[in-house]
Amino acid sequence: MTNYQDYIMLSADVRFGQPCIKQTRISVYDVLNWLANGMRIPEIIEDFPELNEDQIKACLAYAADKEHKLRVA
């Protein structure tokens with residue numbers, strides 16, 4: 001997996017500053033919620049063809065990094 005920063009952006013102008021997949025208005029939270037509710041990566045891509053597997057995995061990496069930083073701090 002490449003750096004999740006290659007796929008995730010934060011902008012006050014998009015979704016009220018939530019982390020989103022670059023060049024979309026799809027938030028990391030949206031993707032994590034879909035996965036948590038049982039959607040598989042191919043199903044997400046089918047519903048949102050603007051996404052790819054690397055972007056979805058970047059959302060997971062972002063969440064893991066955020067969780068790690070909370071535990072370390």
# chains A, B, ... in the order shown; residues from 1 in each chain; ligands from 1
>>> residues_around(residues="range 33-43 of chain A", least_positions_apart="4", cutoff="8 Å", atoms="only C-alpha atoms", output="ChimeraX atom specification")
/A:29,47,53,56
>>> write_last_selection(atoms="N, CA and C atoms", output="PDB file, in the first residue's frame")
ATOM      1  N   TYR A  29     -15.151   8.400   6.306  1.00  0.00           N
ATOM      2  CA  TYR A  29     -16.220   7.852   7.145  1.00  0.00           C
ATOM      3  C   TYR A  29     -17.233   7.072   6.310  1.00  0.00           C
ATOM      4  N   ASP A  47     -21.062   0.383  -6.946  1.00  0.00           N
ATOM      5  CA  ASP A  47     -21.971   1.486  -6.625  1.00  0.00           C
ATOM      6  C   ASP A  47     -21.343   2.854  -6.865  1.00  0.00           C
ATOM      7  N   GLU A  53      -9.866   0.241  -5.708  1.00  0.00           N
ATOM      8  CA  GLU A  53      -9.474  -0.526  -4.531  1.00  0.00           C
ATOM      9  C   GLU A  53      -8.405   0.181  -3.704  1.00  0.00           C
ATOM     10  N   ILE A  56      -9.978   2.802  -1.480  1.00  0.00           N
ATOM     11  CA  ILE A  56     -10.709   2.206  -0.363  1.00  0.00           C
ATOM     12  C   ILE A  56      -9.730   1.706   0.696  1.00  0.00           C
TER      13      ILE A  56
END
>>> residues_around(residues="Leu32 in chain A", least_positions_apart="4", cutoff="8 Å", atoms="only C-alpha atoms", output="MDAnalysis selection string")
chainID A and resid 28 36 59:60
>>> residues_around(residues="Gln5 in chain A", least_positions_apart="5", cutoff="12 Å", atoms="only C-alpha atoms", output="mmCIF file with N, CA and C atoms, in the first residue's frame")
data_model
loop_
_atom_site.group_PDB
_atom_site.id
_atom_site.type_symbol
_atom_site.label_atom_id
_atom_site.label_comp_id
_atom_site.auth_asym_id
_atom_site.auth_seq_id
_atom_site.Cartn_x
_atom_site.Cartn_y
_atom_site.Cartn_z
ATOM 1 N N LEU A 10 -7.814 16.689 3.159
ATOM 2 C CA LEU A 10 -8.640 17.456 4.086
ATOM 3 C C LEU A 10 -8.774 18.858 3.515
ATOM 4 N N PRO A 19 -12.059 14.218 6.282
ATOM 5 C CA PRO A 19 -11.131 13.605 5.331
ATOM 6 C C PRO A 19 -11.921 12.911 4.223
ATOM 7 N N CYS A 20 -11.553 13.227 2.982
ATOM 8 C CA CYS A 20 -12.256 12.685 1.810
ATOM 9 C C CYS A 20 -11.255 12.114 0.829
ATOM 10 N N ILE A 21 -11.761 11.250 -0.037
ATOM 11 C CA ILE A 21 -10.941 10.732 -1.120
ATOM 12 C C ILE A 21 -10.751 11.865 -2.123
ATOM 13 N N LYS A 22 -9.508 12.078 -2.519
ATOM 14 C CA LYS A 22 -9.193 13.167 -3.443
ATOM 15 C C LYS A 22 -10.053 13.101 -4.697
ATOM 16 N N ASP A 54 -7.444 0.817 -4.361
ATOM 17 C CA ASP A 54 -6.396 1.523 -3.624
ATOM 18 C C ASP A 54 -6.965 2.659 -2.786
ATOM 19 N N GLN A 55 -7.947 3.368 -3.298
ATOM 20 C CA GLN A 55 -8.563 4.456 -2.543
ATOM 21 C C GLN A 55 -9.291 3.916 -1.315
ATOM 22 N N LYS A 57 -8.656 1.078 0.271
ATOM 23 C CA LYS A 57 -7.638 0.623 1.218
ATOM 24 C C LYS A 57 -6.951 1.808 1.899
ATOM 25 N N ALA A 58 -6.832 2.918 1.200
ATOM 26 C CA ALA A 58 -6.260 4.119 1.808
ATOM 27 C C ALA A 58 -7.135 4.603 2.959
ATOM 28 N N CYS A 59 -8.441 4.453 2.838
ATOM 29 C CA CYS A 59 -9.345 4.826 3.929
ATOM 30 C C CYS A 59 -9.081 3.965 5.158
ATOM 31 N N LEU A 60 -8.867 2.675 4.943
ATOM 32 C CA LEU A 60 -8.538 1.785 6.053
ATOM 33 C C LEU A 60 -7.196 2.159 6.676
ATOM 34 N N ALA A 61 -6.221 2.476 5.846
ATOM 35 C CA ALA A 61 -4.906 2.869 6.354
ATOM 36 C C ALA A 61 -4.996 4.179 7.138
ATOM 37 N N TYR A 62 -5.812 5.110 6.654
ATOM 38 C CA TYR A 62 -6.008 6.378 7.355
ATOM 39 C C TYR A 62 -6.594 6.113 8.742
ATOM 40 N N ALA A 63 -7.617 5.263 8.811
ATOM 41 C CA ALA A 63 -8.254 4.960 10.090
ATOM 42 C C ALA A 63 -7.279 4.256 11.034
ATOM 43 N N ASP A 65 -4.005 4.515 11.043
ATOM 44 C CA ASP A 65 -3.007 5.490 11.474
ATOM 45 C C ASP A 65 -3.589 6.420 12.536
#
>>> atom_distance(atom1="CA of Glu46 in chain A", atom2="CA of Ala64 in chain A")
24.7 Å
>>> select_by_dssp(residues="range 3-52 of chain A", states="strand (DSSP E or B)", output="VMD selection string")
chain A and resid 8 to 9 20 to 21 27
>>> atom_distance(atom1="CA of Pro49 in chain A", atom2="CA of Phe16 in chain A")
23.5 Å
>>> atom_distance(atom1="CA of His68 in chain A", atom2="CA of Gln18 in chain A")
18.7 Å
>>> closest_residue(among="A:Arg25, A:Ile44, A:Leu51, A:Lys66", to="Asp13 in chain A", atoms="only C-alpha atoms")
A:Arg25
>>> select_by_dssp(residues="chain A", states="alpha helix (DSSP H)", output="JSON, numbers by chain")
{"A": [28, 29, 30, 31, 32, 33, 34, 35, 36, 41, 42, 43, 44, 45, 46, 47, 53, 54, 55, 56, 57, 58, 59, 60, 61, 62, 63, 64, 65, 66, 67, 68, 69, 70, 71, 72]}
>>> closest_residue(among="A:Val31, A:Val14, A:Gln23, A:Glu67", to="Glu50 in chain A", atoms="only C-alpha atoms")
A:Gln23
